[in-house]
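Novice: Have a look at the structure that comes next, please.
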2 protein chains.
Amino acid sequence: MSGRVKGFRFAGVHGGVKVDGALDLGLVVADEPAVASGLFTKNRVRAAPVVISERRLKKGICQAILVNSGNANACTGKQGRQTALALSRGAAVCLRVPTSLVVPASTGVIGEQLPREGIEAAIPELVSDLSEAGAARFARAILTTDRGPKVAQAELRVGRTTCQVLGIAKGAGMIHPNMATTLAFVTTDARLRRATLSRVLRRATEGTFNRTTVDGDTSTNDSIYALASGVATNRAIEEKSPAGRRFVGALTEVLETLATKIVADGEGAQHLVRIEVRGARTDADAVQIARTIAGSLLVKTALHGCDPNWGRILAAAGRSGARFNPDHVSMRIGDVPIYRRGTPIMTPKTEARAAATMKRPEYGISVMVGRGRGLGHYWTCDLGHEYVRINADYRT
Amino acid sequence: MSGRVKGFRFAGVHGGVKVDGALDLGLVVADEPAVASGLFTKNRVRAAPVVISERRLKKGICQAILVNSGNANACTGKQGRQTALALSRGAAVCLRVPTSLVVPASTGVIGEQLPREGIEAAIPELVSDLSEAGAARFARAILTTDRGPKVAQAELRVGRTTCQVLGIAKGAGMIHPNMATTLAFVTTDARLRRATLSRVLRRATEGTFNRTTVDGDTSTNDSIYALASGVATNRAIEEKSPAGRRFVGALTEVLETLATKIVADGEGAQHLVRIEVRGARTDADAVQIARTIAGSLLVKTALHGCDPNWGRILAAAGRSGARFNPDHVSMRIGDVPIYRRGTPIMTPKTEARAAATMKRPEYGISVMVGRGRGLGHYWTCDLGHEYVRINADYRT
């Protein structure tokens with residue numbers, strides 16, 4: 001993973017938001033205005049930078065993203081909006097690009113005003129920090145309660161050229177994206193039309209970020225930005241072409257990697273678990289069942305205790321709202337069968353094997369609910385004391 | 001509170017289900033067949049005793065309820081159904097009443113077979129234990145992870161007679177009743193027709209048990225049973241009469257007391273919190289917002305930390321799906337204003353007052369979302385380490 005994409009530079013500095021002096025200000029800049037698309041939280045309460053970003057990205061073009069961590073600039077009223085506008089203007093002036101091509105993003109505590117002066121003063125240093133190799137610093141600058149940076153990269157061939165897709169994300173709590181995601185930034189040097197980029201981004205997000213949950217809470221700041229510089233190739237990639245399919249594949253791979261890194265980093269999580277549901281009446285039913293199991297507190301605490309408690313999994317499936325016959329349900333943890341056609345089949349031996357599987361950092365739980373063709377999955381993590389510790393005492 | 005209702009006897013003994021020798025077998029018996037109604041979990045996965053109880057209560061008449069704790073007899077297949085049938089038959093024989101008038105109820109771990117022989121052997125002792133003063137023993141016999149028994153009683157005048165409504169419930173985890181409830185048993189000596197009892201029970205449940213959440217998980221065994229002996233009066237109470245309104249009042253009071261006792265006993269909970277939402281477009285919107293706030297893990301961990309984190313409350317409201325303008329939202333914790341018309345207004349002084357309110361065992365959070373007439377509430381509790389401890393390690 002080179003962490004480089006032609007046509008983009010990255011930066012990360014300390015701008016005075018985090019009290020411990022850690023990196024908290026990031027910048028992505030395209031050498032020339034890039035084709036751009038974004039997806040934003042469906043929460044009715046939206047942070048100021050989300051509202052501004054969505055409006056500015058409507059043009060389908062963007063040159064810079066200014067990100068701060070440590071403060072979400074959410075529920076901050078008129079003053080919050082003015083601060084976000086002023087900061088993007090400050091970055092635009094320093095970068096000598098139109099303000100309308102700069103979008104702001106924020107993540108962190110809700111309801112406190114951003115320290116505007118401190119950030120404004122740090123912008124020149126942030127711009128000097130820009131470099132083609134700056135993705136690692138940018139990735140650190142956007143973190144909050146994350147255990148570490150989240151970067152993923154994939155390549156694809158377009159004609160004789162190798163194009164890069166680079167994704168950088170943050171997120172550990174308040175994770176239950178709804179048609180959007182937590183903060184994520186995708187840059188590519190492939191050339192795409194705006195409509196193609198939007199469709200492809202939506203499709204790849206639906207199957208990745210929108211299939212993850214940590215705690216069922218959709219944030220006020222969930223955003224994903226995608227910028228295509230088009231520097232690597234001359235002709236735009238068509239969605240239905242072989243190169244288009246490869247682009248979707250590369251983008252999906254990048255987003256899947258980032259999404260699972262976020263869930264694995266779920267506040268205090270020790271296990272990344274893929275809940276797969278098969279045999280439902282429809283795909284929507286399967287996803288609904290998987291989402292309900294993935295979000296159940298009783299399931300998540302059982303995952304924490306490495307307890308193959310299929311009763312809780314079945315009870316969660318039962319309240320999902322999807323139709324199925326409980327007598328037709330079978331389940332596996334990893335490759336260990338634990339329930340077959342409505343009947344408990346665990347022996348002390350298989351229970352020990354299932355519990356051993358559950359000690360792994362990553363494994364799958366497969367739930368067959370009937371003979372339908374519906375298939376769906378959701379990524380989740382265990383929930384333990386560390387989650388409570390982090391969230392009962394986050395602000396203070 | 002006398003714990004007595006004319007026409008009913010109660011019992012509680014140890015029947016070998018709980019390994020620690022605690023009471024785990026309860027019995028309610030009406031001297032004569034009583035008018036009866038029940039509400040049951042809407043979970044698609046339903047325990048054997050739920051299925052049998054619902055079928056038998058369709059006749060609107062019942063004479064005995066046999067309850068065990070420590071084992072839910074859920075997801076136990078054909079053998080589980082046969083055990084539940086056999087045990088209710090055993091109780092019927094011993095009581096010399098028709099089997100069709102005896103209903104079973106179970107609560108506890110999911111997916112393990114009930115120890116049939118042990119319970120069958122204990123039934124004669126259980127029947128000998130029956131007494132008019134046995135409600136306290138019965139109340140203890142139905143508990144699982146509860147910190148203590150949950151009993152509530154109310155009186156109402158019908159003509160010159162005083163009638164009793166006695167409610168006994170259990171529940172601490174897997175609490176998010178959906179059109180039903182956890183295990184609860186209501187007995188009354190008032191006389192009601194079956195249709196009246198059903199309507200009144202549904203109405204009182206909707207505003208009480210169906211407005212509570214501990215962890216968002218609806219159980220496979222949620223059930224509420226109501227039995228009216230009619231011993232106290234000669235004429236049946238009409239729903240629309242003054243006595244009917246008093247009966248609804250008494251029943252609602254009993255169920256409200258039981259429901260809040262259950263939430264206050266939420267596994268490891270230290271605070272019982274009433275989330276009240278006003279100013280929504282409709283009552284349904286208000287309840288939806290209250291339910292989403294009440295169920296948010298981030299809100300519940302903030303309640304545990306006594307942190308007046310209105311940002312999390314607002315973010316939860318925003319993802320509820322109900323329509324409102326975030327700029328019109330105001331909030332109070334107890335009587336302390338913390339947010340007014342979309343603007344943070346907390347000072348260090350009011351923050352300290354809000355935090356002090358949150359240290360109380362019981363308080364309210366009031367959220368005004370606009371100028372609509374919609375009003376609704378939900379009961380919730382904080383979520384802390386004890387919940388994780390209990391649920392990461394329940395089976396083993």
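Going by the structure tokens order, chains are called A, B, ..., each with residues numbered from 1, while ligands are numbered from 1 in the order shown.
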Would you mind listing what lies within 6 Å of stretch 234-237 of chain B as a list in words, with only C-alpha atoms counted and same-chain residues fewer than 3 positions away left out?

Specialist: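 Returned residues: Arg191, Leu192 and Gly244 of chain B.
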
Novice: Can you tell me, as JSON, numbers by chain, what residues are no more than 9 Å from stretch 338-343 of chain A when counting only C-alpha atoms, ignoring any on the same chain fewer than 6 positions away?

Specialist: {"A": [308, 310, 325, 326, 327, 328, 329, 330, 331, 332, 350, 351, 354, 368, 369, 370], "B": [75, 76, 77, 78, 111]}

Novice: What parts of stretch 24-268 of chain A does DSSP call strand (DSSP E or B)? I'd like the answer as a PyMOL selection string.

Specialist: chain A and resi 25-40+61-71+102-109+131+150-158+161-169+184-188+212+223-228

Novice: Dump as a PyMOL selection string the residues of chain B that approach chain A to within 6 Å, counting only C-alpha atoms.

Specialist: chain B and resi 43-45+77+110-111+301-302+304-305+311+318-319+343+384-385+388+391-393

Novice: Could the residues in this selection be saved with N, CA and C atoms as a compact mmCIF listing (two decimals), in the first residue's frame?

Specialist:
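And here's result-v1.txt as it stands now:
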# COMPACT_ATOMS: atom_id res chain seq x y z
N ASN B 43 -42.89 -11.53 19.34
CA ASN B 43 -41.71 -12.19 18.77
C ASN B 43 -42.18 -13.41 17.99
N ARG B 44 -41.62 -13.60 16.78
CA ARG B 44 -42.02 -14.75 15.96
C ARG B 44 -41.59 -16.06 16.60
N VAL B 45 -40.54 -15.98 17.40
CA VAL B 45 -40.08 -17.16 18.13
C VAL B 45 -40.76 -17.13 19.50
N GLY B 77 -38.40 -27.11 20.92
CA GLY B 77 -39.01 -28.04 19.97
C GLY B 77 -40.16 -28.83 20.55
N ILE B 110 -32.98 -19.67 27.69
CA ILE B 110 -33.60 -20.17 26.46
C ILE B 110 -32.86 -21.41 25.99
N GLY B 111 -33.60 -22.40 25.49
CA GLY B 111 -32.97 -23.47 24.73
C GLY B 111 -32.54 -24.68 25.53
N THR B 301 -25.75 4.95 28.33
CA THR B 301 -24.46 5.00 29.01
C THR B 301 -24.22 6.40 29.59
N ALA B 302 -24.71 7.44 28.92
CA ALA B 302 -24.60 8.80 29.49
C ALA B 302 -25.42 8.89 30.77
N HIS B 304 -25.91 6.50 32.78
CA HIS B 304 -25.10 5.79 33.78
C HIS B 304 -24.00 6.70 34.33
N GLY B 305 -23.40 7.49 33.46
CA GLY B 305 -22.33 8.39 33.89
C GLY B 305 -22.84 9.70 34.48
N GLY B 311 -26.53 16.31 23.53
CA GLY B 311 -26.18 16.03 22.13
C GLY B 311 -26.60 14.62 21.73
N GLY B 318 -33.10 12.55 16.33
CA GLY B 318 -32.93 12.81 14.91
C GLY B 318 -33.00 11.57 14.05
N ARG B 319 -32.62 10.42 14.62
CA ARG B 319 -32.67 9.19 13.81
C ARG B 319 -33.94 8.39 14.04
N THR B 343 -30.48 25.63 20.66
CA THR B 343 -29.23 26.27 21.11
C THR B 343 -28.81 25.73 22.48
N GLY B 384 -24.95 0.07 32.52
CA GLY B 384 -23.58 0.14 33.03
C GLY B 384 -22.88 -1.20 33.01
N HIS B 385 -21.79 -1.26 33.76
CA HIS B 385 -20.96 -2.45 33.76
C HIS B 385 -21.71 -3.69 34.22
N VAL B 388 -23.36 -5.57 31.48
CA VAL B 388 -22.41 -6.35 30.71
C VAL B 388 -22.01 -7.60 31.49
N ASN B 391 -24.82 -10.16 31.47
CA ASN B 391 -25.19 -10.73 30.19
C ASN B 391 -24.07 -11.33 29.38
N ALA B 392 -22.82 -11.00 29.73
CA ALA B 392 -21.72 -11.66 29.05
C ALA B 392 -21.47 -13.01 29.73
N ASP B 393 -22.14 -13.26 30.82
CA ASP B 393 -21.82 -14.44 31.62
C ASP B 393 -23.06 -15.05 32.25

Novice: Measure the distance from atom CA of A:Thr212 to atom CA of A:Asp24 in Å and round it to one decimal.

Specialist: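 Going from atom CA of A:Thr212 over to atom CA of A:Asp24, I get 25.5 Å.
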
Novice: Check the DSSP output for the backbone and give back, as a count of residues only, the residues of stretch 305-339 of chain A in helix (DSSP H, G or I).

Specialist: 12

Novice: Show me, as a PyMOL selection string, the residues that have an atom within 12 Å of B:Arg4 when counting only C-alpha atoms, minus same-chain residues fewer than 3 positions from it.

Specialist: chain B and resi 1+7-10+28+131-136+151-155+163-168+186-189

Novice: Record the distance separating atom CA of A:Leu126 and atom CA of A:Ala259, expressed in Å with one decimal.

Specialist: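 Interatomic distance, atom CA of A:Leu126 to atom CA of A:Ala259: 27.4 Å.
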
Novice: Quick one: residues within 9 Å of stretch 61-71 of chain B, only C-alpha atoms, excluding same-chain residues fewer than 2 positions away - as a PyMOL selection string?

Specialist: chain B and resi 15+17-19+23-37+56-59+73-74+87-88+91-92+95+97-98+100-114+119+138+141-144+185+194+225+227

Novice: If you keep C-alpha atoms, can you produce a file of those selected residues as a PDB file, in the first residue's frame?

Specialist:
ATOM      1  CA  GLY B  15     -39.138 -27.449  42.144  1.00  0.00           C
ATOM      2  CA  VAL B  17     -35.091 -25.864  38.268  1.00  0.00           C
ATOM      3  CA  LYS B  18     -32.780 -23.366  39.970  1.00  0.00           C
ATOM      4  CA  VAL B  19     -29.586 -25.019  41.126  1.00  0.00           C
ATOM      5  CA  LEU B  23     -38.147 -20.826  44.876  1.00  0.00           C
ATOM      6  CA  ASP B  24     -38.734 -21.536  41.188  1.00  0.00           C
ATOM      7  CA  LEU B  25     -42.276 -22.915  40.921  1.00  0.00           C
ATOM      8  CA  GLY B  26     -45.366 -20.757  41.345  1.00  0.00           C
ATOM      9  CA  LEU B  27     -49.100 -21.380  41.155  1.00  0.00           C
ATOM     10  CA  VAL B  28     -52.147 -19.114  41.003  1.00  0.00           C
ATOM     11  CA  VAL B  29     -55.498 -20.856  41.444  1.00  0.00           C
ATOM     12  CA  ALA B  30     -59.012 -19.452  41.279  1.00  0.00           C
ATOM     13  CA  ASP B  31     -61.580 -21.162  43.512  1.00  0.00           C
ATOM     14  CA  GLU B  32     -63.958 -21.284  40.518  1.00  0.00           C
ATOM     15  CA  PRO B  33     -63.145 -20.873  36.800  1.00  0.00           C
ATOM     16  CA  ALA B  34     -62.321 -17.177  36.307  1.00  0.00           C
ATOM     17  CA  VAL B  35     -62.897 -14.825  33.395  1.00  0.00           C
ATOM     18  CA  ALA B  36     -59.470 -14.569  31.773  1.00  0.00           C
ATOM     19  CA  SER B  37     -57.513 -12.707  29.146  1.00  0.00           C
ATOM     20  CA  ARG B  56     -56.263 -22.069  26.025  1.00  0.00           C
ATOM     21  CA  LEU B  57     -57.109 -18.468  26.945  1.00  0.00           C
ATOM     22  CA  LYS B  58     -59.082 -18.065  23.686  1.00  0.00           C
ATOM     23  CA  LYS B  59     -62.071 -19.489  25.572  1.00  0.00           C
ATOM     24  CA  ASN B  73     -38.853 -23.574  27.785  1.00  0.00           C
ATOM     25  CA  ALA B  74     -38.212 -21.618  24.574  1.00  0.00           C
ATOM     26  CA  LEU B  87     -46.881 -30.270  33.546  1.00  0.00           C
ATOM     27  CA  SER B  88     -50.151 -28.383  33.124  1.00  0.00           C
ATOM     28  CA  ALA B  91     -51.216 -29.613  37.987  1.00  0.00           C
ATOM     29  CA  ALA B  92     -54.801 -30.060  36.719  1.00  0.00           C
ATOM     30  CA  LEU B  95     -56.056 -29.578  41.548  1.00  0.00           C
ATOM     31  CA  VAL B  97     -59.798 -29.174  37.453  1.00  0.00           C
ATOM     32  CA  PRO B  98     -59.927 -29.677  33.660  1.00  0.00           C
ATOM     33  CA  SER B 100     -57.859 -26.959  29.496  1.00  0.00           C
ATOM     34  CA  LEU B 101     -58.324 -24.490  32.399  1.00  0.00           C
ATOM     35  CA  VAL B 102     -54.651 -24.637  33.436  1.00  0.00           C
ATOM     36  CA  VAL B 103     -52.089 -22.513  31.574  1.00  0.00           C
ATOM     37  CA  PRO B 104     -48.287 -22.778  31.812  1.00  0.00           C
ATOM     38  CA  ALA B 105     -45.759 -19.920  31.916  1.00  0.00           C
ATOM     39  CA  SER B 106     -41.963 -20.091  31.971  1.00  0.00           C
ATOM     40  CA  THR B 107     -39.082 -17.644  32.265  1.00  0.00           C
ATOM     41  CA  GLY B 108     -35.324 -18.048  32.334  1.00  0.00           C
ATOM     42  CA  VAL B 109     -32.630 -19.426  30.075  1.00  0.00           C
ATOM     43  CA  ILE B 110     -33.598 -20.166  26.465  1.00  0.00           C
ATOM     44  CA  GLY B 111     -32.970 -23.473  24.733  1.00  0.00           C
ATOM     45  CA  GLU B 112     -32.649 -25.955  27.529  1.00  0.00           C
ATOM     46  CA  GLN B 113     -35.216 -28.640  28.273  1.00  0.00           C
ATOM     47  CA  LEU B 114     -37.245 -28.217  31.476  1.00  0.00           C
ATOM     48  CA  ILE B 119     -41.241 -30.383  38.563  1.00  0.00           C
ATOM     49  CA  PHE B 138     -45.523 -16.702  44.356  1.00  0.00           C
ATOM     50  CA  ALA B 141     -40.906 -17.980  42.802  1.00  0.00           C
ATOM     51  CA  ILE B 142     -41.162 -16.286  39.379  1.00  0.00           C
ATOM     52  CA  LEU B 143     -37.944 -14.212  39.588  1.00  0.00           C
ATOM     53  CA  THR B 144     -34.776 -14.710  37.537  1.00  0.00           C
ATOM     54  CA  PHE B 185     -50.093 -11.852  36.489  1.00  0.00           C
ATOM     55  CA  ARG B 194     -64.341 -11.472  28.948  1.00  0.00           C
ATOM     56  CA  TYR B 225     -52.331 -12.852  32.287  1.00  0.00           C
ATOM     57  CA  LEU B 227     -57.951 -13.306  35.842  1.00  0.00           C
TER      58      LEU B 227
END

Novice: Considering only C-alpha atoms, state which residue in the set A:Lys170, A:Arg246, A:Arg140, A:Arg360 is at the smallest distance from A:Gly266.

Specialist: A:Lys170

Novice: What's around A:Thr357 at 9 Å? Count only C-alpha atoms, leave out sequence neighbours fewer than 3 positions away in its own chain, and write the answer as an MDAnalysis selection string.

Specialist: chainID A and resid 306 333:336 352:354 360 362:363

Novice: Suppose we keep N, CA and C atoms; can you now write the selection as a short mmCIF file (atom, residue, chain, number, x, y, z; two decimals), in the first residue's frame?

Specialist:
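Result file part05.cif:
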data_model
loop_
_atom_site.label_atom_id
_atom_site.label_comp_id
_atom_site.auth_asym_id
_atom_site.auth_seq_id
_atom_site.Cartn_x
_atom_site.Cartn_y
_atom_site.Cartn_z
N CYS A 306 -17.99 -14.80 24.77
CA CYS A 306 -17.66 -16.00 23.97
C CYS A 306 -18.62 -17.14 24.31
N ILE A 333 -21.73 -21.48 14.13
CA ILE A 333 -20.75 -20.48 14.54
C ILE A 333 -19.43 -20.93 13.95
N GLY A 334 -18.86 -20.11 13.04
CA GLY A 334 -17.73 -20.60 12.25
C GLY A 334 -18.25 -21.82 11.48
N ASP A 335 -17.57 -22.95 11.58
CA ASP A 335 -18.08 -24.14 10.89
C ASP A 335 -18.69 -25.15 11.87
N VAL A 336 -19.04 -24.69 13.07
CA VAL A 336 -19.60 -25.58 14.08
C VAL A 336 -21.13 -25.47 14.10
N ALA A 352 -17.81 -26.55 23.20
CA ALA A 352 -16.43 -26.12 23.43
C ALA A 352 -15.80 -25.63 22.13
N ARG A 353 -16.09 -26.32 21.01
CA ARG A 353 -15.54 -25.88 19.72
C ARG A 353 -16.11 -24.53 19.32
N ALA A 354 -17.42 -24.35 19.54
CA ALA A 354 -18.04 -23.06 19.20
C ALA A 354 -17.44 -21.94 20.05
N ARG A 360 -11.73 -16.09 18.66
CA ARG A 360 -10.95 -15.50 17.58
C ARG A 360 -11.27 -14.02 17.40
N GLU A 362 -11.81 -12.60 14.64
CA GLU A 362 -12.79 -12.46 13.57
C GLU A 362 -13.39 -13.81 13.23
N TYR A 363 -14.73 -13.88 13.15
CA TYR A 363 -15.38 -15.11 12.73
C TYR A 363 -16.79 -14.79 12.22
#
